[in-house]
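Enquirer: Enclosed is the structure file run_30.cif (mmCIF, C-alpha atoms and all ligand atoms; chains and numbers go by the auth columns).
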```cif
data_target
#
loop_
_atom_site.group_PDB
_atom_site.id
_atom_site.type_symbol
_atom_site.label_atom_id
_atom_site.label_comp_id
_atom_site.label_asym_id
_atom_site.label_seq_id
_atom_site.Cartn_x
_atom_site.Cartn_y
_atom_site.Cartn_z
_atom_site.B_iso_or_equiv
_atom_site.auth_seq_id
_atom_site.auth_asym_id
ATOM 1 C CA MET A 1 -37.546 21.540 18.966 0.00 1 A
ATOM 2 C CA LYS A 2 -34.192 22.029 17.425 0.00 2 A
ATOM 3 C CA THR A 3 -30.877 20.726 18.616 0.00 3 A
ATOM 4 C CA ASN A 4 -28.247 23.289 18.044 0.00 4 A
ATOM 5 C CA GLY A 5 -24.546 23.123 18.604 0.00 5 A
ATOM 6 C CA ARG A 6 -22.774 19.820 18.885 0.00 6 A
ATOM 7 C CA GLY A 7 -24.260 17.039 16.883 0.00 7 A
ATOM 8 C CA PRO A 8 -23.426 14.095 14.688 0.00 8 A
ATOM 9 C CA ARG A 9 -22.776 16.539 11.901 0.00 9 A
ATOM 10 C CA GLU A 10 -19.518 17.653 13.393 0.00 10 A
ATOM 11 C CA PHE A 11 -16.467 15.841 12.231 0.00 11 A
ATOM 12 C CA LYS A 12 -12.834 16.212 13.067 0.00 12 A
ATOM 13 C CA CYS A 13 -10.336 16.640 10.313 0.00 13 A
ATOM 14 C CA PRO A 14 -8.089 13.540 10.358 0.00 14 A
ATOM 15 C CA THR A 15 -5.091 15.628 9.405 0.00 15 A
ATOM 16 C CA CYS A 16 -5.150 18.561 11.801 0.00 16 A
ATOM 17 C CA GLY A 17 -7.937 17.611 14.214 0.00 17 A
ATOM 18 C CA ARG A 18 -9.931 20.747 13.620 0.00 18 A
ATOM 19 C CA PRO A 19 -13.683 20.496 13.177 0.00 19 A
ATOM 20 C CA ALA A 20 -14.673 19.924 9.590 0.00 20 A
ATOM 21 C CA GLU A 21 -18.062 20.685 8.116 0.00 21 A
ATOM 22 C CA TYR A 22 -20.111 17.681 7.162 0.00 22 A
ATOM 23 C CA ASP A 23 -21.353 19.499 4.107 0.00 23 A
ATOM 24 C CA GLY A 24 -17.954 20.905 3.336 0.00 24 A
ATOM 25 C CA ARG A 25 -16.269 20.516 0.023 0.00 25 A
ATOM 26 C CA TYR A 26 -13.336 18.628 1.407 0.00 26 A
ATOM 27 C CA PHE A 27 -15.140 16.464 3.930 0.00 27 A
ATOM 28 C CA PRO A 28 -13.938 14.720 5.974 0.00 28 A
ATOM 29 C CA PHE A 29 -11.101 17.209 5.848 0.00 29 A
ATOM 30 C CA CYS A 30 -11.393 20.843 6.826 0.00 30 A
ATOM 31 C CA CYS A 31 -9.634 22.163 3.775 0.00 31 A
ATOM 32 C CA GLU A 32 -8.016 21.141 0.546 0.00 32 A
ATOM 33 C CA ARG A 33 -4.551 21.229 2.012 0.00 33 A
ATOM 34 C CA CYS A 34 -5.389 18.704 4.729 0.00 34 A
ATOM 35 C CA LYS A 35 -6.919 16.443 2.148 0.00 35 A
ATOM 36 C CA LEU A 36 -3.788 16.490 0.037 0.00 36 A
ATOM 37 C CA VAL A 37 -1.586 15.905 3.052 0.00 37 A
ATOM 38 C CA ASP A 38 -3.519 12.802 4.000 0.00 38 A
ATOM 39 C CA LEU A 39 -3.396 11.438 0.477 0.00 39 A
ATOM 40 C CA GLY A 40 0.336 12.007 0.393 0.00 40 A
ATOM 41 C CA ARG A 41 0.757 10.044 3.598 0.00 41 A
ATOM 42 C CA TRP A 42 -1.038 7.080 2.157 0.00 42 A
ATOM 43 C CA PHE A 43 1.164 7.141 -0.870 0.00 43 A
ATOM 44 C CA ASN A 44 4.359 7.322 1.137 0.00 44 A
ATOM 45 C CA GLN A 45 3.303 4.479 3.386 0.00 45 A
ATOM 46 C CA GLU A 46 2.641 2.072 0.573 0.00 46 A
ATOM 47 C CA TYR A 47 5.966 2.677 -1.058 0.00 47 A
ATOM 48 C CA GLY A 48 8.028 3.348 2.032 0.00 48 A
ATOM 49 C CA ILE A 49 7.460 0.307 4.228 0.00 49 A
ATOM 50 C CA PRO A 50 8.875 -2.502 2.040 0.00 50 A
ATOM 51 C CA ALA A 51 11.938 -0.492 1.092 0.00 51 A
ATOM 52 C CA GLU A 52 12.861 0.228 4.682 0.00 52 A
ATOM 53 C CA GLU A 53 12.474 -3.341 5.849 0.00 53 A
ATOM 54 C CA ASP A 54 14.628 -4.653 3.065 0.00 54 A
ATOM 55 C CA GLN A 55 17.535 -2.512 4.112 0.00 55 A
ATOM 56 C CA GLY A 56 17.324 -3.535 7.734 0.00 56 A
ATOM 57 C CA GLU A 57 17.100 -7.245 7.042 0.00 57 A
ATOM 58 C CA GLU A 58 20.249 -7.460 5.006 0.00 58 A
ATOM 59 C CA GLU A 59 22.640 -7.588 7.917 0.00 59 A
ATOM 60 C CA ALA A 60 20.326 -9.181 10.481 0.00 60 A
ATOM 61 C CA PRO A 61 22.478 -8.135 13.414 0.00 61 A
ATOM 62 C CA ARG A 62 22.382 -10.302 16.506 0.00 62 A
ATOM 63 C CA LYS A 63 22.712 -9.101 20.017 0.00 63 A
ATOM 64 C CA PRO A 64 26.335 -9.468 21.080 0.00 64 A
ATOM 65 C CA ASP A 65 25.252 -9.828 24.652 0.00 65 A
ATOM 66 C CA GLU A 66 23.355 -13.002 23.966 0.00 66 A
ATOM 67 C CA CYS A 67 26.189 -14.604 22.013 0.00 67 A
ATOM 68 C CA ALA A 68 28.688 -14.346 24.854 0.00 68 A
HETATM 69 ZN ZN ZN B . -7.538 20.031 8.609 0.00 1 Y
#
```
Kindly present the structure from the file in structure tokens form.
Ligand SMILES: [Zn+2]
Expert:
Amino acid sequence: MKTNGRGPREFKCPTCGRPAEYDGRYFPFCCERCKLVDLGRWFNQEYGIPAEEDQGEEEAPRKPDECA
């Protein structure tokens, strides 16, 4: 007996959501482009978060409604 079709071997590409081949070259991504896109996101997140928070904390604005 063989189980064809859907199985544990199917994987969804984290970048575009399309099915990626388990034995594929770029697993778990469906293609090289998706793999690069995901790596780029990781990079941007690590460097982007601290910089953005620093800028927002400088003024520390309070709600005018609560003051009055
Ligand atoms: Zn993809």
Enquirer: For stretch 34-46 of chain A, I'd like the enclosing box, axis-aligned and padded by 3 Å on every side, reported as AutoDock Vina command-line options with centre and edge lengths in Å to one decimal.
Expert:
```
--center_x -1.3 --center_y 10.4 --center_z 1.9 --size_x 17.3 --size_y 22.6 --size_z 11.6
```
Enquirer: Find, counting all atoms listed in the file, the residue in A:Cys30, A:Lys35, A:Asp23, A:Asp65 that gets nearest to ligand ZN 1 (chain Y).
Expert: A:Cys30
Enquirer: Between A:Phe43, A:Cys31, A:Val37, A:Pro64, which is the closest to ligand ZN 1 (chain Y) once you count only C-alpha atoms and all ligand atoms?
Expert: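 Once distances to ligand ZN 1 (chain Y) are computed over only C-alpha atoms and all ligand atoms, the minimum belongs to A:Cys31.
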Enquirer: For atom CA of A:Asn44 and atom CA of A:Gly24, quote the distance in Å rounded to one decimal.
Expert: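 Value for the atom CA of A:Asn44-atom CA of A:Gly24 distance: 26.2 Å.
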Enquirer: Would you write out, as a PyMOL selection string, every residue that the PyMOL selection byres (((not hetatm)) within 12 of (chain Y and resi 1)) captures in this file?
Expert: chain A and resi 11-21+24+26-38
